[in-house]
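Chemist: Got a file for you: target-v8.txt, compact mmCIF, C-alpha atoms.
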```
# COMPACT_ATOMS: atom_id res chain seq x y z
CA MET F 5 -203.42 -69.42 -116.99
CA SER F 6 -201.35 -66.95 -118.97
CA PRO F 7 -199.23 -64.35 -117.22
CA ALA F 8 -200.58 -60.83 -116.94
CA ARG F 9 -199.21 -58.24 -119.39
CA PRO F 10 -197.82 -55.02 -118.11
CA LYS F 11 -199.83 -51.94 -118.86
CA PRO F 12 -198.70 -50.02 -121.81
CA GLY F 13 -195.96 -47.66 -120.82
CA ALA F 14 -195.49 -49.14 -117.44
CA ALA F 15 -192.31 -50.91 -118.36
CA GLY F 16 -190.84 -47.81 -120.16
CA ARG F 17 -191.17 -45.32 -117.38
CA PRO F 18 -187.88 -46.13 -115.76
CA GLY F 19 -186.07 -45.74 -119.09
CA THR F 20 -187.86 -42.54 -119.86
CA THR F 21 -187.01 -41.11 -116.47
CA GLY F 22 -183.28 -41.83 -117.01
CA ARG F 23 -183.21 -40.14 -120.38
CA GLY F 24 -184.89 -37.00 -118.96
CA GLU F 25 -182.46 -36.67 -116.16
CA ALA F 26 -179.54 -37.02 -118.59
CA GLY F 27 -181.03 -34.33 -120.83
CA ARG F 28 -181.47 -31.99 -117.95
CA GLY F 29 -177.81 -32.56 -116.97
CA THR F 30 -176.64 -31.87 -120.50
CA ARG F 31 -178.61 -28.64 -120.65
CA ALA F 32 -177.19 -27.56 -117.28
CA ALA F 33 -173.65 -28.26 -118.49
CA GLU F 34 -174.30 -26.30 -121.67
CA GLY F 35 -175.67 -23.39 -119.67
CA SER F 36 -172.63 -23.40 -117.41
CA ALA F 37 -170.30 -23.44 -120.41
CA LEU F 38 -172.23 -20.57 -121.99
CA LEU F 39 -172.00 -18.61 -118.77
CA LEU F 40 -168.28 -19.23 -118.61
CA ILE F 41 -167.92 -18.10 -122.20
CA LEU F 42 -169.88 -14.91 -121.45
CA VAL F 43 -167.73 -14.24 -118.38
CA ALA F 44 -164.60 -14.87 -120.42
CA LEU F 45 -165.82 -12.53 -123.13
CA LEU F 46 -166.59 -9.87 -120.53
CA VAL F 47 -163.16 -10.29 -118.95
CA LEU F 48 -161.50 -10.23 -122.36
CA GLY F 49 -163.46 -7.14 -123.33
CA ALA F 50 -162.45 -5.46 -120.08
CA LEU F 51 -158.82 -6.36 -120.72
CA VAL F 52 -159.02 -5.04 -124.28
CA ALA F 53 -160.64 -1.82 -123.07
CA ALA F 54 -158.04 -1.45 -120.35
CA GLY F 55 -155.26 -2.10 -122.84
CA PHE F 56 -156.72 0.44 -125.22
CA GLN F 57 -156.97 3.04 -122.47
CA LEU F 58 -153.43 2.28 -121.34
CA GLY F 59 -152.17 2.52 -124.91
CA LEU F 60 -154.02 5.80 -125.39
CA ARG F 61 -152.52 7.16 -122.21
CA GLU F 62 -149.07 5.98 -123.25
CA ARG F 63 -149.53 7.62 -126.63
CA ARG F 64 -150.60 10.86 -125.03
CA ALA F 65 -147.70 10.68 -122.58
CA GLY F 66 -145.31 9.90 -125.42
CA GLY F 67 -146.68 12.79 -127.43
CA ARG F 68 -146.22 15.08 -124.45
CA VAL F 69 -142.65 13.89 -124.01
CA LEU F 70 -141.95 14.47 -127.71
CA ALA F 71 -143.53 17.92 -127.53
CA LEU F 72 -141.42 18.82 -124.48
CA ALA F 73 -138.28 17.56 -126.22
CA GLN F 74 -139.12 19.58 -129.32
CA ALA F 75 -139.72 22.69 -127.20
CA PHE F 76 -136.45 22.13 -125.33
CA HIS F 77 -134.41 21.80 -128.52
CA ALA F 78 -136.11 24.89 -129.97
CA ALA F 79 -135.25 26.88 -126.83
CA GLU F 80 -131.61 25.79 -126.94
CA GLU F 81 -131.38 26.53 -130.66
CA GLY F 82 -132.65 30.07 -130.10
CA ALA F 83 -130.14 30.67 -127.29
CA TYR F 84 -127.13 29.29 -129.16
CA ARG F 85 -128.03 31.17 -132.33
CA GLN F 86 -127.66 34.40 -130.36
CA LEU F 87 -124.27 33.24 -129.18
CA ALA F 88 -123.14 32.35 -132.72
CA GLY F 89 -124.22 35.69 -134.20
CA TRP F 90 -123.23 37.79 -131.21
CA ARG F 91 -121.41 40.64 -132.93
CA GLU F 92 -123.73 40.79 -135.94
CA ALA F 93 -126.73 41.18 -133.62
CA GLY F 94 -125.17 44.28 -132.02
CA HIS F 95 -125.69 43.17 -128.41
CA HIS F 96 -122.78 45.39 -127.36
CA ARG F 97 -125.03 48.41 -127.98
CA LEU F 98 -127.35 47.56 -125.11
CA ALA F 99 -127.10 49.67 -121.98
CA VAL F 100 -126.73 47.87 -118.66
CA GLY F 101 -130.18 46.54 -117.72
CA GLN F 102 -131.53 46.89 -121.25
CA ALA F 103 -132.77 43.89 -123.25
CA ALA F 104 -133.23 43.07 -126.93
CA SER F 105 -135.80 40.49 -128.04
CA PHE F 106 -135.42 37.80 -130.69
CA GLU F 107 -137.60 35.10 -132.24
CA GLY F 108 -137.67 32.71 -135.16
CA PRO F 109 -138.44 29.21 -136.42
CA ALA F 110 -136.41 26.29 -135.13
CA GLY F 111 -134.50 23.97 -137.42
CA PRO F 112 -135.26 20.39 -138.45
CA GLY F 113 -136.73 19.58 -135.04
CA GLY F 114 -139.58 22.00 -135.63
CA GLY F 115 -141.24 24.48 -133.32
CA ARG F 116 -140.33 28.10 -132.67
CA TYR F 117 -138.21 30.07 -130.24
CA ARG F 118 -138.42 33.52 -128.72
CA GLY F 119 -136.57 35.32 -126.00
CA ALA F 120 -134.36 38.25 -125.05
CA VAL F 121 -130.72 39.16 -124.45
CA ARG F 122 -130.25 41.29 -121.35
CA ARG F 123 -127.06 43.13 -120.45
CA LEU F 124 -126.14 42.54 -116.81
CA GLY F 125 -122.80 44.37 -116.75
CA ASP F 126 -120.08 45.79 -118.97
CA LEU F 127 -119.18 42.38 -120.38
CA LEU F 128 -121.85 40.06 -118.87
CA PHE F 129 -125.15 39.14 -120.57
CA LEU F 130 -128.07 36.79 -119.92
CA VAL F 131 -129.70 35.05 -122.88
CA GLN F 132 -133.23 33.84 -122.09
CA SER F 133 -134.85 31.60 -124.71
CA GLU F 134 -138.28 29.95 -124.73
CA GLY F 135 -139.06 27.08 -127.11
CA LEU F 136 -142.58 26.27 -128.29
CA SER F 137 -143.46 22.91 -129.86
CA HIS F 138 -145.82 22.47 -132.78
CA PRO F 139 -148.13 20.68 -132.44
CA GLY F 140 -148.57 20.04 -128.75
CA GLY F 141 -148.16 23.53 -127.35
CA ALA F 142 -145.38 22.50 -124.94
CA ARG F 143 -142.97 25.15 -123.64
CA GLN F 144 -139.44 24.99 -122.30
CA ARG F 145 -137.14 27.81 -121.20
CA VAL F 146 -133.35 27.89 -120.93
CA GLY F 147 -130.79 30.55 -120.15
CA LEU F 148 -127.16 31.17 -121.02
CA LEU F 149 -124.72 33.40 -119.16
CA VAL F 150 -122.51 34.94 -121.81
CA ARG F 151 -119.33 36.95 -121.50
CA ALA F 152 -118.29 39.35 -124.25
CA ARG F 153 -114.72 38.73 -125.40
CA PRO F 154 -113.35 41.88 -127.08
CA LEU F 155 -110.33 42.03 -129.32
CA GLU F 156 -107.23 42.57 -127.20
CA ILE F 157 -105.18 45.63 -128.17
CA PRO F 158 -102.54 46.58 -125.58
CA ALA F 159 -102.96 50.35 -125.41
CA ALA F 160 -100.13 51.09 -122.99
CA ALA F 161 -99.95 54.76 -124.08
CA ALA F 162 -101.94 57.42 -125.90
CA LEU F 163 -99.63 56.97 -128.92
CA THR F 164 -97.55 53.89 -129.72
CA VAL F 165 -94.93 54.44 -132.43
CA ALA F 166 -92.77 51.75 -134.01
CA GLY F 167 -90.42 54.19 -135.76
CA SER F 168 -89.84 57.94 -135.56
CA LEU F 169 -92.07 60.66 -134.07
CA THR F 170 -92.09 64.38 -134.88
CA VAL F 171 -94.23 66.82 -132.88
CA ALA F 172 -94.28 70.46 -134.01
CA GLY F 173 -96.28 73.65 -133.56
CA GLY F 174 -99.29 73.49 -131.28
CA ALA F 175 -99.67 69.71 -131.47
CA LEU F 176 -100.14 67.79 -128.22
CA VAL F 177 -99.93 64.16 -127.12
CA ASN F 178 -101.49 63.54 -123.71
CA GLY F 179 -101.58 60.34 -121.65
CA GLU F 180 -104.14 61.58 -119.11
CA ASP F 181 -107.31 59.47 -119.13
CA VAL F 182 -109.89 61.94 -120.42
CA PRO F 183 -113.39 60.69 -121.34
CA PRO F 184 -114.99 62.05 -124.52
CA ARG F 185 -117.37 64.95 -124.11
CA GLN F 186 -121.04 64.06 -123.54
CA TRP F 187 -120.12 60.45 -122.74
CA TYR F 188 -120.91 58.96 -119.35
CA CYS F 189 -117.85 56.89 -118.50
CA GLY F 190 -117.60 56.93 -114.74
CA GLU F 191 -114.35 57.81 -112.99
CA PRO F 192 -111.28 58.08 -115.27
CA GLY F 193 -108.45 55.62 -114.83
CA GLU F 194 -104.79 56.19 -114.17
CA ALA F 195 -102.73 58.23 -116.60
CA ARG F 196 -100.68 56.36 -119.21
CA PRO F 197 -97.49 57.44 -120.98
CA GLY F 198 -98.09 59.99 -123.69
CA VAL F 199 -95.80 58.24 -126.16
CA ARG F 200 -94.43 54.70 -126.19
CA LEU F 201 -91.70 54.00 -128.71
CA PRO F 202 -88.62 51.76 -129.16
CA ALA F 203 -85.46 52.57 -127.29
CA ALA F 204 -83.57 53.61 -130.44
CA ALA F 205 -86.46 55.45 -132.15
CA GLN F 206 -86.06 59.11 -133.13
CA LEU F 207 -88.17 61.68 -131.24
CA ASP F 208 -88.20 65.29 -132.46
CA THR F 209 -90.01 67.92 -130.38
CA ALA F 210 -87.70 70.86 -131.10
CA ARG F 211 -90.34 72.87 -132.96
CA CYS F 212 -93.11 72.53 -130.40
CA LEU F 213 -94.89 75.77 -129.46
CA ARG F 214 -95.96 74.32 -126.10
CA HIS F 215 -93.70 72.83 -123.49
CA PRO F 216 -94.10 70.04 -122.88
CA CYS F 217 -95.93 68.93 -126.00
CA VAL F 218 -95.90 65.31 -124.83
CA GLU F 219 -97.55 64.71 -121.45
CA GLY F 220 -98.37 61.64 -119.40
CA ALA F 221 -97.04 59.32 -116.75
CA PRO F 222 -94.34 59.57 -118.00
CA GLY F 223 -94.55 61.73 -121.10
CA VAL F 224 -92.23 59.45 -123.09
CA GLN F 225 -91.68 55.76 -122.44
CA ARG F 226 -88.87 53.93 -124.17
CA ASP F 227 -89.64 50.23 -124.63
CA SER F 228 -86.86 47.95 -125.85
CA GLY F 229 -89.39 45.17 -126.48
CA LEU F 230 -91.40 47.21 -128.97
CA GLY F 231 -90.94 46.29 -132.62
CA SER F 232 -89.35 48.86 -134.92
CA THR F 233 -91.39 48.11 -138.06
CA ALA F 234 -95.04 47.62 -137.07
CA PRO F 235 -97.13 49.09 -134.23
CA LEU F 236 -98.93 45.79 -133.53
CA GLY F 237 -98.27 42.12 -134.08
CA PRO F 238 -99.37 40.38 -137.31
CA GLY F 239 -101.89 38.21 -135.46
CA THR F 240 -103.81 41.22 -134.15
CA ILE F 241 -103.73 42.92 -137.55
CA ALA F 242 -105.11 39.77 -139.20
CA GLN F 243 -107.94 39.63 -136.64
CA ILE F 244 -108.90 43.25 -137.32
CA ARG F 245 -109.03 42.62 -141.06
CA THR F 246 -111.30 39.64 -140.46
CA LEU F 247 -113.63 41.68 -138.25
CA ALA F 248 -113.92 44.63 -140.64
CA ASP F 249 -117.49 45.89 -141.18
CA LYS F 250 -116.36 48.30 -143.86
CA VAL F 251 -113.52 47.78 -146.35
CA LEU F 252 -113.05 51.12 -148.10
CA PRO F 253 -111.02 51.80 -151.22
CA PRO F 254 -107.99 54.05 -150.68
CA GLY F 255 -108.48 57.73 -151.39
CA ARG F 256 -109.93 60.88 -149.91
CA TRP F 257 -112.92 60.61 -147.59
CA THR F 258 -115.11 62.89 -145.50
CA VAL F 259 -117.04 60.87 -142.96
CA GLY F 260 -119.91 61.53 -140.58
CA PRO F 261 -123.07 59.97 -139.09
CA ASN F 262 -126.00 59.21 -141.38
CA SER F 263 -129.46 58.32 -140.08
CA SER F 264 -132.96 58.24 -141.50
CA ARG F 265 -136.22 58.19 -139.50
CA GLY F 266 -134.43 57.34 -136.31
CA THR F 267 -132.40 54.48 -137.83
CA CYS F 268 -128.64 54.57 -138.33
CA ARG F 269 -127.76 53.83 -141.96
CA GLU F 270 -124.87 51.50 -141.30
CA GLU F 271 -124.59 50.50 -144.97
CA ASP F 272 -123.26 53.98 -145.82
CA PRO F 273 -119.45 53.57 -146.17
CA SER F 274 -118.86 57.12 -144.93
CA ASN F 275 -120.92 56.56 -141.77
CA TRP F 276 -118.52 55.81 -138.91
CA GLY F 277 -120.91 56.47 -136.04
CA ASP F 278 -121.64 59.60 -134.04
CA PRO F 279 -119.13 60.33 -131.25
CA ASP F 280 -120.77 63.68 -130.48
CA ASP F 281 -124.15 62.30 -129.38
CA PRO F 282 -124.32 58.85 -127.73
CA GLY F 283 -128.12 59.09 -127.71
CA ALA F 284 -128.40 59.65 -131.46
CA PRO F 285 -129.31 56.79 -133.84
CA CYS F 286 -125.63 56.31 -134.72
CA GLY F 287 -124.34 57.04 -131.22
CA THR F 288 -123.89 53.35 -130.41
CA TYR F 289 -122.51 52.38 -133.81
CA PHE F 290 -118.79 51.51 -133.58
CA PRO F 291 -117.71 50.04 -136.93
CA VAL F 292 -114.45 48.30 -137.74
CA VAL F 293 -113.06 50.11 -140.81
CA HIS F 294 -110.24 48.72 -142.95
CA VAL F 295 -108.54 50.62 -145.74
CA PRO F 296 -106.07 48.48 -147.76
CA GLY F 297 -103.94 51.43 -148.85
CA ASP F 298 -103.43 55.15 -148.23
CA LEU F 299 -106.23 57.25 -146.75
CA VAL F 300 -106.87 61.00 -146.56
CA LEU F 301 -109.50 62.16 -144.08
CA ALA F 302 -110.68 65.67 -144.93
CA GLY F 303 -112.92 66.52 -141.99
CA GLY F 304 -115.85 64.82 -140.34
CA ARG F 305 -116.03 62.57 -137.32
CA GLY F 306 -116.21 58.89 -136.46
CA GLN F 307 -115.71 56.24 -133.82
CA GLY F 308 -114.81 52.57 -133.59
CA LEU F 309 -111.73 50.78 -134.87
CA LEU F 310 -109.74 52.06 -137.87
CA LEU F 311 -107.01 50.09 -139.67
CA VAL F 312 -105.07 51.71 -142.52
CA ASP F 313 -102.60 49.47 -144.33
CA GLY F 314 -100.79 52.45 -145.86
CA ASP F 315 -100.35 56.10 -144.82
CA LEU F 316 -103.03 58.20 -143.13
CA SER F 317 -103.22 61.97 -143.64
CA VAL F 318 -105.65 63.89 -141.42
CA GLY F 319 -106.76 67.50 -141.58
CA ASP F 320 -109.69 69.93 -141.51
CA GLY F 321 -110.55 69.17 -137.90
CA PHE F 322 -111.32 65.47 -138.31
CA ARG F 323 -112.18 63.81 -134.98
CA PHE F 324 -112.05 60.10 -134.10
CA GLN F 325 -112.75 58.21 -130.88
CA GLY F 326 -111.59 54.64 -130.44
CA ALA F 327 -108.53 52.77 -131.69
CA ALA F 328 -106.64 53.82 -134.84
CA ILE F 329 -103.88 51.66 -136.35
CA VAL F 330 -101.74 52.97 -139.20
CA MET F 331 -99.26 50.56 -140.75
CA GLY F 332 -97.45 53.41 -142.53
CA GLN F 333 -97.08 57.07 -141.57
CA LEU F 334 -99.67 59.09 -139.68
CA ASP F 335 -99.56 62.76 -140.72
CA ILE F 336 -101.80 65.25 -138.90
CA ALA F 337 -101.67 68.81 -140.18
CA GLY F 338 -103.87 71.64 -141.49
CA GLU F 339 -106.57 72.62 -139.04
CA GLY F 340 -105.65 69.66 -136.91
CA GLY F 341 -107.03 66.25 -136.17
CA HIS F 342 -108.21 64.91 -132.85
CA PHE F 343 -107.88 61.30 -131.71
CA SER F 344 -109.25 60.06 -128.39
CA GLY F 345 -108.59 56.50 -127.26
CA GLY F 346 -105.39 54.90 -128.51
CA VAL F 347 -103.31 55.41 -131.66
CA PHE F 348 -100.74 53.00 -133.14
CA ALA F 349 -98.54 53.90 -136.13
CA ALA F 350 -95.23 53.03 -137.75
CA THR F 351 -94.14 56.68 -137.93
CA VAL F 352 -95.95 59.86 -136.90
CA VAL F 353 -95.70 63.52 -137.87
CA LEU F 354 -97.84 66.01 -135.92
CA ARG F 355 -97.63 69.51 -137.41
CA GLN F 356 -99.56 72.56 -136.34
CA THR F 357 -98.53 76.16 -136.98
CA SER F 358 -100.64 77.77 -134.24
CA MET F 359 -102.01 77.06 -130.80
CA ASP F 360 -105.61 77.20 -132.07
CA GLU F 361 -107.36 73.99 -133.13
CA GLN F 362 -104.24 72.06 -132.28
CA ALA F 363 -103.67 68.50 -133.40
CA THR F 364 -104.11 66.25 -130.40
CA ILE F 365 -103.81 62.59 -129.56
CA GLY F 366 -105.22 61.76 -126.14
CA TYR F 367 -105.65 58.58 -124.17
CA SER F 368 -109.19 57.57 -123.19
CA SER F 369 -109.90 54.22 -121.59
CA CYS F 370 -113.63 54.79 -122.11
CA ALA F 371 -113.40 55.47 -125.86
CA LEU F 372 -110.99 52.59 -126.32
CA SER F 373 -113.02 50.04 -124.36
CA ARG F 374 -116.28 50.90 -126.11
CA ALA F 375 -114.65 50.58 -129.50
CA LEU F 376 -113.15 47.21 -128.58
CA VAL F 377 -116.36 45.88 -127.01
CA ALA F 378 -117.96 46.48 -130.40
CA THR F 379 -115.59 43.84 -131.80
CA ALA F 380 -116.48 41.32 -129.10
CA ALA F 381 -117.64 37.79 -129.75
CA GLY F 382 -119.83 36.03 -127.21
CA GLU F 383 -118.51 33.12 -125.16
CA LEU F 384 -120.07 31.05 -122.39
CA LEU F 385 -118.84 31.52 -118.87
CA PRO F 386 -116.30 28.84 -117.95
CA GLN F 387 -118.61 27.44 -115.25
CA ARG F 388 -122.39 27.31 -114.73
CA SER F 389 -123.18 29.09 -117.94
CA TRP F 390 -126.32 27.01 -118.75
CA ILE F 391 -129.43 27.33 -116.60
CA SER F 392 -132.93 25.87 -116.82
CA LEU F 393 -135.60 28.52 -116.36
CA PRO F 394 -139.15 27.97 -115.04
CA GLU F 395 -141.97 28.22 -117.55
CA ALA F 396 -143.16 31.79 -117.98
CA ARG F 397 -146.58 32.55 -116.63
CA LYS F 398 -149.19 33.48 -119.19
```
Could the structure of this file be written out as structure tokens, please?
Modeler:
Amino acid sequence: MSPARPKPGAAGRPGTTGRGEAGRGTRAAEGSALLLILVALLVLGALVAAGFQLGLRERRAGGRVLALAQAFHAAEEGAYRQLAGWREAGHHRLAVGQAASFEGPAGPGGGRYRGAVRRLGDLLFLVQSEGLSHPGGARQRVGLLVRARPLEIPAAAALTVAGSLTVAGGALVNGEDVPPRQWYCGEPGEARPGVRLPAAAQLDTARCLRHPCVEGAPGVQRDSGLGSTAPLGPGTIAQIRTLADKVLPPGRWTVGPNSSRGTCREEDPSNWGDPDDPGAPCGTYFPVVHVPGDLVLAGGRGQGLLLVDGDLSVGDGFRFQGAAIVMGQLDIAGEGGHFSGGVFAATVVLRQTSMDEQATIGYSSCALSRALVATAAGELLPQRSWISLPEARK
């Protein structure tokens, strides 16, 4: 009897069942791997997005830092430019409490600056400067405390003479501290000597019509330390020549203020300011005038600092307020000349035939200080001159 055959497919079921289970396992593993890949891609995408956002924030922060730095450098540039061009800007003309604005483009760093210079006292100023970046719109503000440093001229008397002095007629030299008319100068200071001259210098007052014709505390001061050839040292004279706003050819001049439409015409060589009216357009103009030779002043008026390398002849009622230095002879005659402040000369001859319109040289600390402040350069205070200012409110 032959053995029974298995039914078709009966013997293959176990093998078929094994292959199905293996396939299902493979598909499960593939699904898990795909899921892991998707999760990894999501995580990687999140990391990329986070990195991009962080980089964007860093870029924005870096741009802000650069804009702030640009604004800061622009603010400092504006402030220090005012310090460098102090005298040319005419800051000495500001009244106490008054301010003058400034603005301009910054240098290679870019941006712009704007601000103001405010006078806090006679010689103290505050420079406020705001820098603006471009692009970025950042703002920074700085301040400088600046002290004006005028030229030092030791006016120890109304008239300082290196050689001889002759006073005749109705001429007068007075060391009392008298402020110029129409000027507000506060209380006058102590009287100075009328004349300061070397111990061996010749003084002739025999033909004076008034007695005394030299007044002060004392009227005449003999100084053995005073040079007998020049009224001031060569260093001071060299500084004045360097500071000169006007260098005029020698000759005969009639000077006076010149303004147009409320503006002082400083380019006019015969415009030496207006000592009669401090509120006029030329009332605050105190030029430094240098004449490399002889000068004749036939009338008019002026103020500031005058240096004449040769002789100076004055007549026809010429009036000057400030400091006058004559390296040669000063000759005042005719209808008289009037000097208020301080006068320095090698030799001096004051001649006046009558008591009317007398030639006078008078000491004035106010006229002298204002003329010298006009020569001042700006310098930072020795300590705490730089300050950081809060951003101005819009």
Chemist: Please identify all polymer residues lying at most 9 Å from the point (-115.6, 64.9, -143.9) (file coordinates), using all atoms listed in the file, and present the result as a VMD selection string.
Modeler: chain F and resid 257 to 260 274 301 to 305 320 to 322
Chemist: Report, in Å with one decimal, the straight-line distance from CA of Ile244 in chain F to CA of Leu299 in chain F.
Modeler: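 So the answer is 17.1 Å.
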Chemist: Set the distance at 8 Å and use all atoms listed in the file: which residues neighbour Ala159 in chain F once local chain neighbours fewer than 3 positions away are removed? I'd like the list as a list in words.
Modeler: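 Selected residues are Ala162, Thr164 and Gly346 of chain F.
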Chemist: Put those residues in a file: C-alpha atoms, as a PDB file, keeping the file's coordinate frame.
Modeler:
```pdb
ATOM      1  CA  ALA F 162    -101.940  57.420-125.900  1.00  0.00           C
ATOM      2  CA  THR F 164     -97.550  53.890-129.720  1.00  0.00           C
ATOM      3  CA  GLY F 346    -105.390  54.900-128.510  1.00  0.00           C
TER       4      GLY F 346
END
```
Chemist: Interatomic distance between CA of Ser392 in chain F and CA of Arg116 in chain F?
Modeler: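 That distance, rounded to one decimal, is 17.6 Å.
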Chemist: Just to confirm, what's the straight-line distance from CA of Val218 in chain F to CA of Pro183 in chain F in Å (one decimal)?
Modeler: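 Separation between CA of Val218 in chain F and CA of Pro183 in chain F: 18.4 Å.
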Chemist: Compute the distance from (-126.0, 29.4, -118.8) to each atom, counting all atoms listed in the file, keep the residues with any atom at most 8 Å away, and return them as an MDAnalysis selection string; use the coordinates of the file.
Modeler: chainID F and resid 130:131 146:150 384:385 388:391
Chemist: Between F:Arg153, F:Arg185, F:Arg123, F:Arg214, which one has atoms that come closest to Val171 in chain F, using all atoms listed in the file?
Modeler: F:Arg214
Chemist: Kindly indicate which residue among F:Asp335, F:Glu156, F:Glu134, F:Glu92 lies nearest to Tyr289 in chain F, using all atoms listed in the file for the distances.
Modeler: F:Glu92
